[in-house]
>>> print(open('structure36.pdb').read())   # PDB, C-alpha atoms
MODEL        1
ATOM      1  CA  MET A  21      49.780 218.257  41.948
ATOM      2  CA  ILE A  22      47.148 220.874  41.077
ATOM      3  CA  LEU A  23      43.523 220.699  42.271
ATOM      4  CA  ILE A  24      41.034 222.374  39.920
ATOM      5  CA  THR A  25      37.562 222.836  41.385
ATOM      6  CA  GLY A  26      34.953 223.210  38.655
ATOM      7  CA  GLY A  27      37.431 221.751  36.173
ATOM      8  CA  ALA A  28      34.677 220.148  34.078
ATOM      9  CA  GLY A  29      33.211 223.564  33.271
ATOM     10  CA  TYR A  30      33.966 226.167  30.633
ATOM     11  CA  ILE A  31      36.974 228.115  31.899
ATOM     12  CA  GLY A  32      38.144 225.354  34.237
ATOM     13  CA  SER A  33      38.477 222.803  31.424
ATOM     14  CA  HIS A  34      40.446 225.182  29.202
ATOM     15  CA  THR A  35      42.762 225.925  32.111
ATOM     16  CA  ALA A  36      43.156 222.201  32.767
ATOM     17  CA  ILE A  37      44.274 221.718  29.148
ATOM     18  CA  ASN A  38      46.827 224.507  29.550
ATOM     19  CA  PHE A  39      48.277 222.892  32.685
ATOM     20  CA  ILE A  40      48.253 219.393  31.132
ATOM     21  CA  ASN A  41      50.166 220.714  28.131
ATOM     22  CA  SER A  42      52.751 222.102  30.552
ATOM     23  CA  GLY A  43      53.256 218.722  32.208
ATOM     24  CA  TYR A  44      51.272 219.109  35.440
ATOM     25  CA  GLU A  45      49.357 216.357  37.192
ATOM     26  CA  ILE A  46      45.764 217.482  37.744
ATOM     27  CA  VAL A  47      42.911 216.553  40.061
ATOM     28  CA  ILE A  48      39.501 217.693  38.788
ATOM     29  CA  PHE A  49      36.811 218.176  41.454
ATOM     30  CA  ASP A  50      33.337 218.850  40.056
ATOM     31  CA  ASN A  51      29.757 217.959  40.946
ATOM     32  CA  LEU A  52      28.802 217.978  37.219
ATOM     33  CA  GLU A  53      25.827 220.250  37.869
ATOM     34  CA  ASN A  54      27.149 222.690  35.277
ATOM     35  CA  GLY A  55      30.209 220.737  34.152
ATOM     36  CA  HIS A  56      30.083 217.721  31.865
ATOM     37  CA  ILE A  57      31.376 214.166  32.167
ATOM     38  CA  GLU A  58      32.193 214.292  28.437
ATOM     39  CA  THR A  59      34.665 217.067  29.247
ATOM     40  CA  VAL A  60      36.223 215.002  32.030
ATOM     41  CA  ASN A  61      36.651 212.021  29.702
ATOM     42  CA  MET A  62      38.279 214.252  27.086
ATOM     43  CA  LEU A  63      40.726 215.609  29.680
ATOM     44  CA  LYS A  64      41.604 212.096  30.843
ATOM     45  CA  ASN A  65      42.715 211.293  27.306
ATOM     46  CA  LEU A  66      45.114 214.245  27.292
ATOM     47  CA  GLY A  67      47.295 213.576  30.314
ATOM     48  CA  ASN A  68      47.671 212.717  33.964
ATOM     49  CA  ILE A  69      44.150 213.514  35.199
ATOM     50  CA  HIS A  70      42.267 212.316  38.255
ATOM     51  CA  PHE A  71      38.564 213.023  38.639
ATOM     52  CA  ILE A  72      36.564 213.223  41.862
ATOM     53  CA  LYS A  73      32.841 213.848  41.648
ATOM     54  CA  GLY A  74      31.918 215.908  44.665
ATOM     55  CA  ASP A  75      30.194 219.024  45.915
ATOM     56  CA  LEU A  76      31.978 221.779  47.821
ATOM     57  CA  LYS A  77      28.858 222.310  49.939
ATOM     58  CA  ASN A  78      29.585 218.867  51.452
ATOM     59  CA  LYS A  79      32.796 219.347  53.374
ATOM     60  CA  THR A  80      33.499 215.620  53.568
ATOM     61  CA  ASP A  81      33.634 215.536  49.750
ATOM     62  CA  ILE A  82      36.452 218.055  49.515
ATOM     63  CA  GLU A  83      38.215 216.750  52.627
ATOM     64  CA  SER A  84      38.558 213.365  50.943
ATOM     65  CA  VAL A  85      40.511 214.941  48.069
ATOM     66  CA  PHE A  86      43.199 216.307  50.376
ATOM     67  CA  LYS A  87      43.415 212.963  52.185
ATOM     68  CA  GLN A  88      43.793 211.052  48.926
ATOM     69  CA  TYR A  89      46.153 213.376  47.025
ATOM     70  CA  ASN A  90      49.199 215.483  47.850
ATOM     71  CA  ILE A  91      47.888 218.844  46.613
ATOM     72  CA  ASP A  92      50.376 221.686  46.075
ATOM     73  CA  ALA A  93      47.968 224.426  44.972
ATOM     74  CA  VAL A  94      44.308 224.986  44.102
ATOM     75  CA  LEU A  95      42.609 226.720  41.171
ATOM     76  CA  HIS A  96      39.064 227.530  42.258
ATOM     77  CA  PHE A  97      36.421 227.823  39.512
ATOM     78  CA  ALA A  98      33.481 226.072  41.196
ATOM     79  CA  GLY A  99      30.577 228.453  41.699
ATOM     80  CA  TYR A 100      27.329 229.720  40.250
ATOM     81  CA  ILE A 101      27.828 232.538  37.735
ATOM     82  CA  GLU A 102      24.491 233.738  36.331
ATOM     83  CA  VAL A 103      23.519 237.259  37.374
ATOM     84  CA  ALA A 104      19.769 236.899  36.762
ATOM     85  CA  GLN A 105      19.590 233.650  38.738
ATOM     86  CA  SER A 106      21.471 235.272  41.603
ATOM     87  CA  VAL A 107      18.859 238.033  41.751
ATOM     88  CA  SER A 108      15.887 235.635  41.684
ATOM     89  CA  ASN A 109      17.439 233.100  44.096
ATOM     90  CA  PRO A 110      20.140 234.817  46.173
ATOM     91  CA  ALA A 111      20.038 232.212  48.950
ATOM     92  CA  ASN A 112      21.177 229.555  46.487
ATOM     93  CA  TYR A 113      24.135 231.695  45.451
ATOM     94  CA  TYR A 114      25.224 232.508  48.986
ATOM     95  CA  HIS A 115      24.977 228.857  50.072
ATOM     96  CA  ASN A 116      26.819 227.550  47.025
ATOM     97  CA  ASN A 117      29.486 230.183  46.436
ATOM     98  CA  ILE A 118      30.261 231.263  49.999
ATOM     99  CA  THR A 119      29.736 228.012  51.924
ATOM    100  CA  GLY A 120      31.465 225.998  49.219
ATOM    101  CA  THR A 121      34.489 228.280  49.234
ATOM    102  CA  LEU A 122      34.710 228.246  53.036
ATOM    103  CA  ASN A 123      34.704 224.443  53.017
ATOM    104  CA  LEU A 124      37.505 224.500  50.456
ATOM    105  CA  LEU A 125      39.565 227.035  52.413
ATOM    106  CA  ASP A 126      39.064 225.150  55.686
ATOM    107  CA  SER A 127      40.257 221.943  54.050
ATOM    108  CA  MET A 128      43.246 223.743  52.577
ATOM    109  CA  THR A 129      44.341 225.232  55.898
ATOM    110  CA  GLU A 130      43.785 221.950  57.732
ATOM    111  CA  ASN A 131      46.055 220.218  55.209
ATOM    112  CA  ARG A 132      48.640 223.031  55.024
ATOM    113  CA  VAL A 133      47.924 223.899  51.399
ATOM    114  CA  ASN A 134      48.422 227.647  51.181
ATOM    115  CA  LYS A 135      48.294 228.601  47.476
ATOM    116  CA  LEU A 136      45.060 229.463  45.638
ATOM    117  CA  VAL A 137      44.191 231.058  42.289
ATOM    118  CA  PHE A 138      40.606 232.307  42.464
ATOM    119  CA  SER A 139      38.176 232.871  39.594
ATOM    120  CA  SER A 140      36.760 236.310  40.372
ATOM    121  CA  THR A 141      34.930 238.824  38.186
ATOM    122  CA  CYS A 142      34.716 242.446  37.106
ATOM    123  CA  ALA A 143      31.174 242.334  38.561
ATOM    124  CA  ILE A 144      32.709 243.195  41.949
ATOM    125  CA  TYR A 145      33.179 246.784  40.715
ATOM    126  CA  GLY A 146      29.502 247.506  40.054
ATOM    127  CA  GLU A 147      28.595 250.648  38.124
ATOM    128  CA  PRO A 148      31.823 252.100  36.685
ATOM    129  CA  LYS A 149      33.035 255.399  38.117
ATOM    130  CA  TYR A 150      35.609 255.665  35.358
ATOM    131  CA  ILE A 151      36.719 253.745  32.253
ATOM    132  CA  PRO A 152      38.801 251.651  31.846
ATOM    133  CA  LEU A 153      38.475 249.887  35.194
ATOM    134  CA  ASP A 154      41.698 249.157  37.071
ATOM    135  CA  GLU A 155      42.157 247.042  40.192
ATOM    136  CA  ASN A 156      41.797 250.088  42.467
ATOM    137  CA  HIS A 157      38.335 250.966  41.194
ATOM    138  CA  PRO A 158      35.773 251.147  44.061
ATOM    139  CA  LYS A 159      34.069 247.822  44.809
ATOM    140  CA  ASN A 160      30.289 248.091  44.858
ATOM    141  CA  PRO A 161      28.701 244.983  43.287
ATOM    142  CA  ILE A 162      25.053 245.452  42.326
ATOM    143  CA  ASN A 163      23.849 241.832  42.267
ATOM    144  CA  PRO A 164      24.222 238.778  44.535
ATOM    145  CA  TYR A 165      26.589 237.055  42.099
ATOM    146  CA  GLY A 166      29.052 239.946  42.222
ATOM    147  CA  LYS A 167      28.565 240.252  45.971
ATOM    148  CA  THR A 168      29.524 236.611  46.543
ATOM    149  CA  LYS A 169      32.717 237.061  44.535
ATOM    150  CA  TYR A 170      33.635 240.222  46.451
ATOM    151  CA  MET A 171      32.862 238.549  49.777
ATOM    152  CA  ILE A 172      35.167 235.678  48.824
ATOM    153  CA  GLU A 173      37.949 238.129  48.008
ATOM    154  CA  GLN A 174      37.487 239.668  51.467
ATOM    155  CA  ILE A 175      37.502 236.215  53.059
ATOM    156  CA  LEU A 176      40.751 235.482  51.228
ATOM    157  CA  ASP A 177      42.273 238.621  52.763
ATOM    158  CA  ASP A 178      41.327 237.358  56.222
ATOM    159  CA  PHE A 179      42.675 233.856  55.547
ATOM    160  CA  ASP A 180      45.930 235.406  54.361
ATOM    161  CA  ASN A 181      46.262 237.538  57.496
ATOM    162  CA  ALA A 182      45.299 234.765  59.906
ATOM    163  CA  TYR A 183      46.593 231.569  58.295
ATOM    164  CA  GLY A 184      49.087 232.642  55.637
ATOM    165  CA  LEU A 185      46.940 231.345  52.767
ATOM    166  CA  LYS A 186      48.157 233.255  49.714
ATOM    167  CA  SER A 187      45.855 233.849  46.762
ATOM    168  CA  ILE A 188      45.715 235.455  43.336
ATOM    169  CA  ARG A 189      42.283 236.809  42.367
ATOM    170  CA  LEU A 190      41.697 237.043  38.621
ATOM    171  CA  ARG A 191      38.901 239.440  37.715
ATOM    172  CA  TYR A 192      37.585 238.503  34.279
ATOM    173  CA  PHE A 193      35.644 240.627  31.887
ATOM    174  CA  ASN A 194      33.561 238.876  29.161
ATOM    175  CA  VAL A 195      34.991 235.469  28.228
ATOM    176  CA  VAL A 196      34.537 234.142  24.679
ATOM    177  CA  GLY A 197      35.738 231.433  22.320
ATOM    178  CA  ALA A 198      36.503 227.740  22.506
ATOM    179  CA  ASP A 199      39.525 225.471  22.483
ATOM    180  CA  SER A 200      41.337 225.884  19.154
ATOM    181  CA  GLN A 201      41.189 222.105  18.619
ATOM    182  CA  LEU A 202      37.469 222.051  19.553
ATOM    183  CA  ARG A 203      37.990 219.661  22.451
ATOM    184  CA  THR A 204      35.932 221.848  24.786
ATOM    185  CA  GLY A 205      33.996 225.094  24.682
ATOM    186  CA  GLU A 206      31.176 227.091  26.224
ATOM    187  CA  TRP A 207      28.390 224.705  27.227
ATOM    188  CA  HIS A 208      25.834 226.142  29.633
ATOM    189  CA  GLU A 209      22.254 225.039  30.053
ATOM    190  CA  PRO A 210      20.451 227.354  29.841
ATOM    191  CA  GLU A 211      22.829 229.601  27.935
ATOM    192  CA  THR A 212      22.666 233.296  28.877
ATOM    193  CA  HIS A 213      25.859 234.716  27.343
ATOM    194  CA  LEU A 214      25.806 236.952  24.298
ATOM    195  CA  ILE A 215      27.917 235.218  21.648
ATOM    196  CA  PRO A 216      26.725 231.620  22.153
ATOM    197  CA  ASN A 217      23.146 232.877  22.103
ATOM    198  CA  ILE A 218      23.733 234.653  18.784
ATOM    199  CA  LEU A 219      25.251 231.421  17.454
ATOM    200  CA  LYS A 220      22.303 229.368  18.688
ATOM    201  CA  SER A 221      20.094 231.623  16.561
ATOM    202  CA  ILE A 222      21.997 230.376  13.500
ATOM    203  CA  PHE A 223      21.213 226.736  14.172
ATOM    204  CA  ASP A 224      17.607 227.360  15.172
ATOM    205  CA  LYS A 225      15.975 229.336  12.382
ATOM    206  CA  ASN A 226      12.844 229.806  14.512
ATOM    207  CA  ARG A 227      14.885 231.547  17.182
ATOM    208  CA  THR A 228      15.261 235.331  17.368
ATOM    209  CA  PHE A 229      18.234 237.039  18.981
ATOM    210  CA  ASN A 230      17.231 239.919  21.248
ATOM    211  CA  ILE A 231      19.296 243.107  21.541
ATOM    212  CA  TYR A 232      18.404 245.015  24.697
ATOM    213  CA  GLY A 233      18.768 248.782  24.375
ATOM    214  CA  THR A 234      19.849 250.878  21.408
ATOM    215  CA  ASP A 235      19.949 254.277  23.126
ATOM    216  CA  TYR A 236      23.114 254.021  25.231
ATOM    217  CA  ASP A 237      25.724 256.762  25.008
ATOM    218  CA  THR A 238      27.990 254.661  22.787
ATOM    219  CA  VAL A 239      29.091 254.715  19.156
ATOM    220  CA  ASP A 240      26.018 252.804  17.933
ATOM    221  CA  GLY A 241      23.691 252.977  20.941
ATOM    222  CA  THR A 242      24.333 249.445  22.210
ATOM    223  CA  CYS A 243      26.361 248.316  25.230
ATOM    224  CA  ILE A 244      30.125 247.960  24.912
ATOM    225  CA  ARG A 245      31.983 245.118  26.623
ATOM    226  CA  ASP A 246      35.543 243.777  26.782
ATOM    227  CA  TYR A 247      35.719 240.248  25.301
ATOM    228  CA  VAL A 248      38.738 238.144  26.303
ATOM    229  CA  ASN A 249      39.528 234.784  24.674
ATOM    230  CA  VAL A 250      39.177 231.730  26.907
ATOM    231  CA  GLU A 251      42.549 230.246  25.885
ATOM    232  CA  ASP A 252      44.256 233.554  26.720
ATOM    233  CA  LEU A 253      42.426 233.429  30.042
ATOM    234  CA  ALA A 254      43.639 229.867  30.669
ATOM    235  CA  GLN A 255      47.199 231.029  30.047
ATOM    236  CA  ALA A 256      46.669 233.821  32.594
ATOM    237  CA  HIS A 257      45.787 231.227  35.236
ATOM    238  CA  ARG A 258      49.023 229.338  34.740
ATOM    239  CA  LEU A 259      51.030 232.560  34.783
ATOM    240  CA  ALA A 260      49.197 233.581  37.973
ATOM    241  CA  TYR A 261      50.029 230.207  39.525
ATOM    242  CA  LEU A 262      53.711 230.616  38.634
ATOM    243  CA  TYR A 263      53.696 234.168  40.009
ATOM    244  CA  LEU A 264      52.113 232.944  43.236
ATOM    245  CA  MET A 265      54.589 230.101  43.676
ATOM    246  CA  GLU A 266      57.550 232.398  43.041
ATOM    247  CA  ASN A 267      56.472 235.434  45.061
ATOM    248  CA  ASN A 268      54.293 233.896  47.797
ATOM    249  CA  THR A 269      52.135 237.008  47.966
ATOM    250  CA  SER A 270      48.436 237.695  47.480
ATOM    251  CA  ASP A 271      47.352 239.978  44.663
ATOM    252  CA  CYS A 272      44.571 240.720  42.153
ATOM    253  CA  PHE A 273      44.555 241.237  38.390
ATOM    254  CA  ASN A 274      42.031 242.405  35.811
ATOM    255  CA  LEU A 275      41.910 240.281  32.660
ATOM    256  CA  GLY A 276      40.570 241.835  29.490
ATOM    257  CA  THR A 277      41.665 242.975  26.051
ATOM    258  CA  GLU A 278      41.359 246.695  26.884
ATOM    259  CA  LYS A 279      39.353 246.990  23.641
ATOM    260  CA  GLY A 280      35.592 247.327  23.671
ATOM    261  CA  SER A 281      33.068 245.871  21.237
ATOM    262  CA  SER A 282      29.416 246.875  21.098
ATOM    263  CA  VAL A 283      26.559 244.391  20.897
ATOM    264  CA  LYS A 284      25.905 245.434  17.288
ATOM    265  CA  GLU A 285      29.596 245.024  16.439
ATOM    266  CA  ILE A 286      29.589 241.523  17.932
ATOM    267  CA  PHE A 287      26.413 240.704  16.038
ATOM    268  CA  ASN A 288      27.868 241.913  12.734
ATOM    269  CA  THR A 289      31.166 240.088  13.363
ATOM    270  CA  VAL A 290      29.287 236.832  13.944
ATOM    271  CA  LYS A 291      27.436 237.341  10.646
ATOM    272  CA  SER A 292      30.730 238.062   8.867
ATOM    273  CA  VAL A 293      32.560 235.043  10.330
ATOM    274  CA  THR A 294      29.718 232.577   9.788
ATOM    275  CA  GLY A 295      28.210 233.949   6.592
ATOM    276  CA  GLU A 296      24.780 233.389   8.096
ATOM    277  CA  GLU A 297      21.748 235.632   8.430
ATOM    278  CA  ILE A 298      20.345 235.904  11.961
ATOM    279  CA  ASN A 299      16.894 236.980  13.090
ATOM    280  CA  VAL A 300      17.169 239.940  15.464
ATOM    281  CA  LYS A 301      14.729 241.911  17.586
ATOM    282  CA  TYR A 302      15.449 245.217  19.331
ATOM    283  CA  LEU A 303      14.019 245.595  22.836
ATOM    284  CA  GLU A 304      14.142 248.095  25.692
ATOM    285  CA  ARG A 305      17.161 248.278  27.990
ATOM    286  CA  ARG A 306      17.519 245.764  30.791
ATOM    287  CA  ALA A 307      17.883 247.120  34.316
ATOM    288  CA  GLY A 308      21.447 247.209  35.590
ATOM    289  CA  ASP A 309      23.281 247.080  32.240
ATOM    290  CA  ALA A 310      26.132 249.597  32.229
ATOM    291  CA  ALA A 311      26.807 251.361  28.927
ATOM    292  CA  ILE A 312      30.517 250.520  28.868
ATOM    293  CA  LEU A 313      32.687 248.024  30.768
ATOM    294  CA  LEU A 314      36.327 248.045  29.740
ATOM    295  CA  ALA A 315      39.377 246.561  31.463
ATOM    296  CA  ASN A 316      42.677 248.119  32.348
ATOM    297  CA  SER A 317      44.882 245.009  32.271
ATOM    298  CA  SER A 318      48.258 246.760  32.430
ATOM    299  CA  LYS A 319      49.033 245.212  35.830
ATOM    300  CA  ALA A 320      48.637 241.669  34.474
ATOM    301  CA  LYS A 321      50.792 242.555  31.475
ATOM    302  CA  LYS A 322      53.528 243.944  33.697
ATOM    303  CA  LEU A 323      53.620 241.488  36.613
ATOM    304  CA  LEU A 324      52.348 238.269  35.009
ATOM    305  CA  ASN A 325      53.840 238.925  31.571
ATOM    306  CA  TRP A 326      50.407 238.131  30.182
ATOM    307  CA  SER A 327      49.062 239.229  26.813
ATOM    308  CA  CYS A 328      46.081 238.521  24.585
ATOM    309  CA  THR A 329      47.072 236.573  21.482
ATOM    310  CA  HIS A 330      43.624 235.829  20.026
ATOM    311  CA  SER A 331      41.511 238.346  18.106
ATOM    312  CA  LEU A 332      37.757 238.716  18.456
ATOM    313  CA  ASN A 333      37.426 237.015  15.061
ATOM    314  CA  ASP A 334      39.486 234.075  16.361
ATOM    315  CA  SER A 335      37.218 233.769  19.382
ATOM    316  CA  ILE A 336      34.000 233.936  17.406
ATOM    317  CA  LYS A 337      35.276 231.442  14.835
ATOM    318  CA  THR A 338      36.150 228.802  17.450
ATOM    319  CA  ALA A 339      32.901 229.480  19.307
ATOM    320  CA  TYR A 340      30.989 228.966  16.057
ATOM    321  CA  LEU A 341      32.810 225.741  15.171
ATOM    322  CA  TRP A 342      32.277 224.446  18.715
ATOM    323  CA  GLU A 343      28.564 225.240  18.626
ATOM    324  CA  LYS A 344      28.375 223.592  15.209
ATOM    325  CA  SER A 345      30.032 220.422  16.531
ATOM    326  CA  LYS A 346      27.583 220.304  19.462
ATOM    327  CA  ASN A 347      24.627 220.622  17.092
ATOM    328  CA  PHE A 348      26.015 217.887  14.862
ATOM    329  CA  LEU A 349      26.353 215.516  17.831
ATOM    330  CA  ASN A 350      22.839 216.340  19.052
ATOM    331  CA  LYS A 351      21.403 215.372  15.652
ATOM    332  CA  ASN A 352      23.218 212.022  15.476
TER     333      ASN A 352
ENDMDL
END
>>> encode(input="structure36.pdb", output="structure tokens")
Amino acid sequence: MILITGGAGYIGSHTAINFINSGYEIVIFDNLENGHIETVNMLKNLGNIHFIKGDLKNKTDIESVFKQYNIDAVLHFAGYIEVAQSVSNPANYYHNNITGTLNLLDSMTENRVNKLVFSSTCAIYGEPKYIPLDENHPKNPINPYGKTKYMIEQILDDFDNAYGLKSIRLRYFNVVGADSQLRTGEWHEPETHLIPNILKSIFDKNRTFNIYGTDYDTVDGTCIRDYVNVEDLAQAHRLAYLYLMENNTSDCFNLGTEKGSSVKEIFNTVKSVTGEEINVKYLERRAGDAAILLANSSKAKKLLNWSCTHSLNDSIKTAYLWEKSKNFLNKN
């Protein structure tokens, strides 16, 4: 039985679908602060799903899961993820991400559950020293969000050395797209990510999409990022779980396409896929935005046998159809 913390959220729900389709029994643990009960209900209709509403900051909540279910491994997605919020309210991020994870790890060790796949981030690397970034790149996160993820990776090292808790840390780059059957997708409130915000500008004609910085040392002056499809990412989590169960060793993997797309390229691709005109405004750079972030994912390809099967067009199309379905429901 697999425990998925944060399984009612964006990446967690897609990963849950992947595991359900492979015949696993799943326990979803989520406080629904950023996840959605509609997502939980959808997952329940797909397979053998149990849902516990709880908060990792309350240790008794997570302890009850291990008492009630025979958990074999944990996939840990629960955590705050917004960089700007982490800068304005770092205490909230340290309490939620660090304390919550410690409560989870304590409960795991107390119940002799010693396998974890952790949702990490390329933000642990900070300003790139070289491109593309591999797993050995220096770790120097520049915001509290990235710092919490790096701290958790260090905590996982200590729990491995002391208690034998083995973990796989998956360091994502920019995640895009929605479930190909539109059962779930990106649904944050407020939304801060690039592609869903461009799409929101389509459905709100009074809304203007802002592009920050056009003078970077890139092909068109805008930032370049590595956009990986969420269903490909979900597949990576199951492959990481299988790798962990077979090898019983801790490791880390970058997950990206190894292909960069600029903000202008993304913007133009959205226009091409949707056939819609979008209001745009060009503004000054934002502090802390690197010119280029690009993954070296060769390790994941080699050891996990993972590959990206969805194109950027695929990702934007499903994201658009998902956003369209949300807008339709909101109007009815």
>>> resolve_selection(input="structure36.pdb", expression="the PyMOL selection byres ((chain A and resi 219) around 12)", output="number ranges by chain")
A: 197, 206, 211-218, 220-225, 227-229, 286-291, 293-300, 336-344, 346-347
>>> atom_distance(input="structure36.pdb", atom1="atom CA of Asn274 of chain A", atom2="atom CA of Thr141 of chain A")
8.3 Å
>>> resolve_selection(input="structure36.pdb", expression="the PyMOL selection byres ((chain A and resi 166) around 8)", output="mmCIF file with C-alpha atoms, in the coordinates of the input")
data_model
loop_
_atom_site.group_PDB
_atom_site.id
_atom_site.type_symbol
_atom_site.label_atom_id
_atom_site.label_comp_id
_atom_site.auth_asym_id
_atom_site.auth_seq_id
_atom_site.Cartn_x
_atom_site.Cartn_y
_atom_site.Cartn_z
ATOM 1 C CA VAL A 103 23.519 237.259 37.374
ATOM 2 C CA THR A 141 34.930 238.824 38.186
ATOM 3 C CA ALA A 143 31.174 242.334 38.561
ATOM 4 C CA ILE A 144 32.709 243.195 41.949
ATOM 5 C CA GLY A 146 29.502 247.506 40.054
ATOM 6 C CA PRO A 161 28.701 244.983 43.287
ATOM 7 C CA ILE A 162 25.053 245.452 42.326
ATOM 8 C CA ASN A 163 23.849 241.832 42.267
ATOM 9 C CA PRO A 164 24.222 238.778 44.535
ATOM 10 C CA TYR A 165 26.589 237.055 42.099
ATOM 11 C CA LYS A 167 28.565 240.252 45.971
ATOM 12 C CA THR A 168 29.524 236.611 46.543
ATOM 13 C CA LYS A 169 32.717 237.061 44.535
ATOM 14 C CA TYR A 170 33.635 240.222 46.451
#
>>> atom_distance(input="structure36.pdb", atom1="atom CA of Gly29 of chain A", atom2="atom CA of Glu53 of chain A")
9.3 Å
>>> resolve_selection(input="structure36.pdb", expression="the PyMOL selection byres ((chain A and resi 82-86) around 8)", output="list in words")
Ile72, Gly74, Asp75, Leu76, Asn78, Lys79, Thr80, Asp81, Lys87, Gln88, Tyr89, Asn90, Ile91, Asn123, Leu124, Ser127, Met128 and Asn131 of chain A
>>> closest_atom_pairs(input="structure36.pdb", of="segment 76-117 of chain A", to="segment 263-267 of chain A", cutoff="12 Å", atoms="all atoms listed in the file", output="CSV")
residue,atom,partner,partner_atom,distance
A:Asp92,CA,A:Met265,CA,9.7
A:Ala93,CA,A:Met265,CA,8.8
A:Val94,CA,A:Leu264,CA,11.2
A:Leu95,CA,A:Leu264,CA,11.5
>>> atom_distance(input="structure36.pdb", atom1="atom CA of Asn51 of chain A", atom2="atom CA of Ala98 of chain A")
8.9 Å
>>> closest_residue(input="structure36.pdb", among="A:Arg306, A:Lys77, A:Lys159, A:His34", to="Asn116 of chain A", atoms="all atoms listed in the file")
A:Lys77
>>> residues_near_point(input="structure36.pdb", point="(25.8, 223.8, 34.0)", cutoff="6 Å", atoms="only C-alpha atoms", output="list in words")
Glu53, Asn54, Gly55, His208 and Glu209 of chain A
>>> write_last_selection(input="structure36.pdb", atoms="C-alpha atoms", output="PDB file, in the frame of the given file")
ATOM      1  CA  GLU A  53      25.827 220.250  37.869  1.00  0.00           C
ATOM      2  CA  ASN A  54      27.149 222.690  35.277  1.00  0.00           C
ATOM      3  CA  GLY A  55      30.209 220.737  34.152  1.00  0.00           C
ATOM      4  CA  HIS A 208      25.834 226.142  29.633  1.00  0.00           C
ATOM      5  CA  GLU A 209      22.254 225.039  30.053  1.00  0.00           C
TER       6      GLU A 209
END
>>> residues_around(input="structure36.pdb", residues="segment 56-61 of chain A", least_positions_apart="4", cutoff="7 Å", atoms="only C-alpha atoms", output="number ranges by chain")
A: 28-29, 52, 65, 204
>>> closest_residue(input="structure36.pdb", among="A:Tyr114, A:Phe273, A:Tyr302, A:Tyr236", to="Leu259 of chain A", atoms="only C-alpha atoms")
A:Phe273
>>> closest_residue(input="structure36.pdb", among="A:Arg189, A:His70, A:Arg258, A:Lys279", to="Ile172 of chain A", atoms="all atoms listed in the file")
A:Arg189
>>> closest_residue(input="structure36.pdb", among="A:Ser335, A:Asn316, A:Ser282, A:Ser139", to="Thr35 of chain A", atoms="only C-alpha atoms")
A:Ser139
>>> build_atoms(input="structure36.pdb", residues="segment 67-78 of chain A", atoms="N, CA and C atoms", output="PDB file, in the coordinates of the input")
ATOM      1  N   GLY A  67      46.142 213.613  29.412  1.00  0.00           N
ATOM      2  CA  GLY A  67      47.295 213.576  30.314  1.00  0.00           C
ATOM      3  C   GLY A  67      46.959 212.953  31.643  1.00  0.00           C
ATOM      4  N   ASN A  68      47.759 213.323  32.635  1.00  0.00           N
ATOM      5  CA  ASN A  68      47.671 212.717  33.964  1.00  0.00           C
ATOM      6  C   ASN A  68      46.566 213.402  34.760  1.00  0.00           C
ATOM      7  N   ILE A  69      45.338 212.901  34.609  1.00  0.00           N
ATOM      8  CA  ILE A  69      44.150 213.514  35.199  1.00  0.00           C
ATOM      9  C   ILE A  69      43.463 212.541  36.153  1.00  0.00           C
ATOM     10  N   HIS A  70      43.096 213.062  37.310  1.00  0.00           N
ATOM     11  CA  HIS A  70      42.267 212.316  38.255  1.00  0.00           C
ATOM     12  C   HIS A  70      40.957 213.079  38.412  1.00  0.00           C
ATOM     13  N   PHE A  71      39.868 212.363  38.506  1.00  0.00           N
ATOM     14  CA  PHE A  71      38.564 213.023  38.639  1.00  0.00           C
ATOM     15  C   PHE A  71      37.864 212.538  39.899  1.00  0.00           C
ATOM     16  N   ILE A  72      37.386 213.505  40.683  1.00  0.00           N
ATOM     17  CA  ILE A  72      36.564 213.223  41.862  1.00  0.00           C
ATOM     18  C   ILE A  72      35.243 213.953  41.684  1.00  0.00           C
ATOM     19  N   LYS A  73      34.147 213.206  41.669  1.00  0.00           N
ATOM     20  CA  LYS A  73      32.841 213.848  41.648  1.00  0.00           C
ATOM     21  C   LYS A  73      32.453 214.189  43.079  1.00  0.00           C
ATOM     22  N   GLY A  74      32.257 215.473  43.324  1.00  0.00           N
ATOM     23  CA  GLY A  74      31.918 215.908  44.665  1.00  0.00           C
ATOM     24  C   GLY A  74      31.393 217.327  44.659  1.00  0.00           C
ATOM     25  N   ASP A  75      30.824 217.718  45.784  1.00  0.00           N
ATOM     26  CA  ASP A  75      30.194 219.024  45.915  1.00  0.00           C
ATOM     27  C   ASP A  75      30.866 219.780  47.058  1.00  0.00           C
ATOM     28  N   LEU A  76      31.299 221.001  46.785  1.00  0.00           N
ATOM     29  CA  LEU A  76      31.978 221.779  47.821  1.00  0.00           C
ATOM     30  C   LEU A  76      31.073 222.093  49.001  1.00  0.00           C
ATOM     31  N   LYS A  77      29.764 222.057  48.811  1.00  0.00           N
ATOM     32  CA  LYS A  77      28.858 222.310  49.939  1.00  0.00           C
ATOM     33  C   LYS A  77      28.914 221.174  50.956  1.00  0.00           C
ATOM     34  N   ASN A  78      29.401 219.999  50.536  1.00  0.00           N
ATOM     35  CA  ASN A  78      29.585 218.867  51.452  1.00  0.00           C
ATOM     36  C   ASN A  78      31.060 218.792  51.820  1.00  0.00           C
TER      37      ASN A  78
END
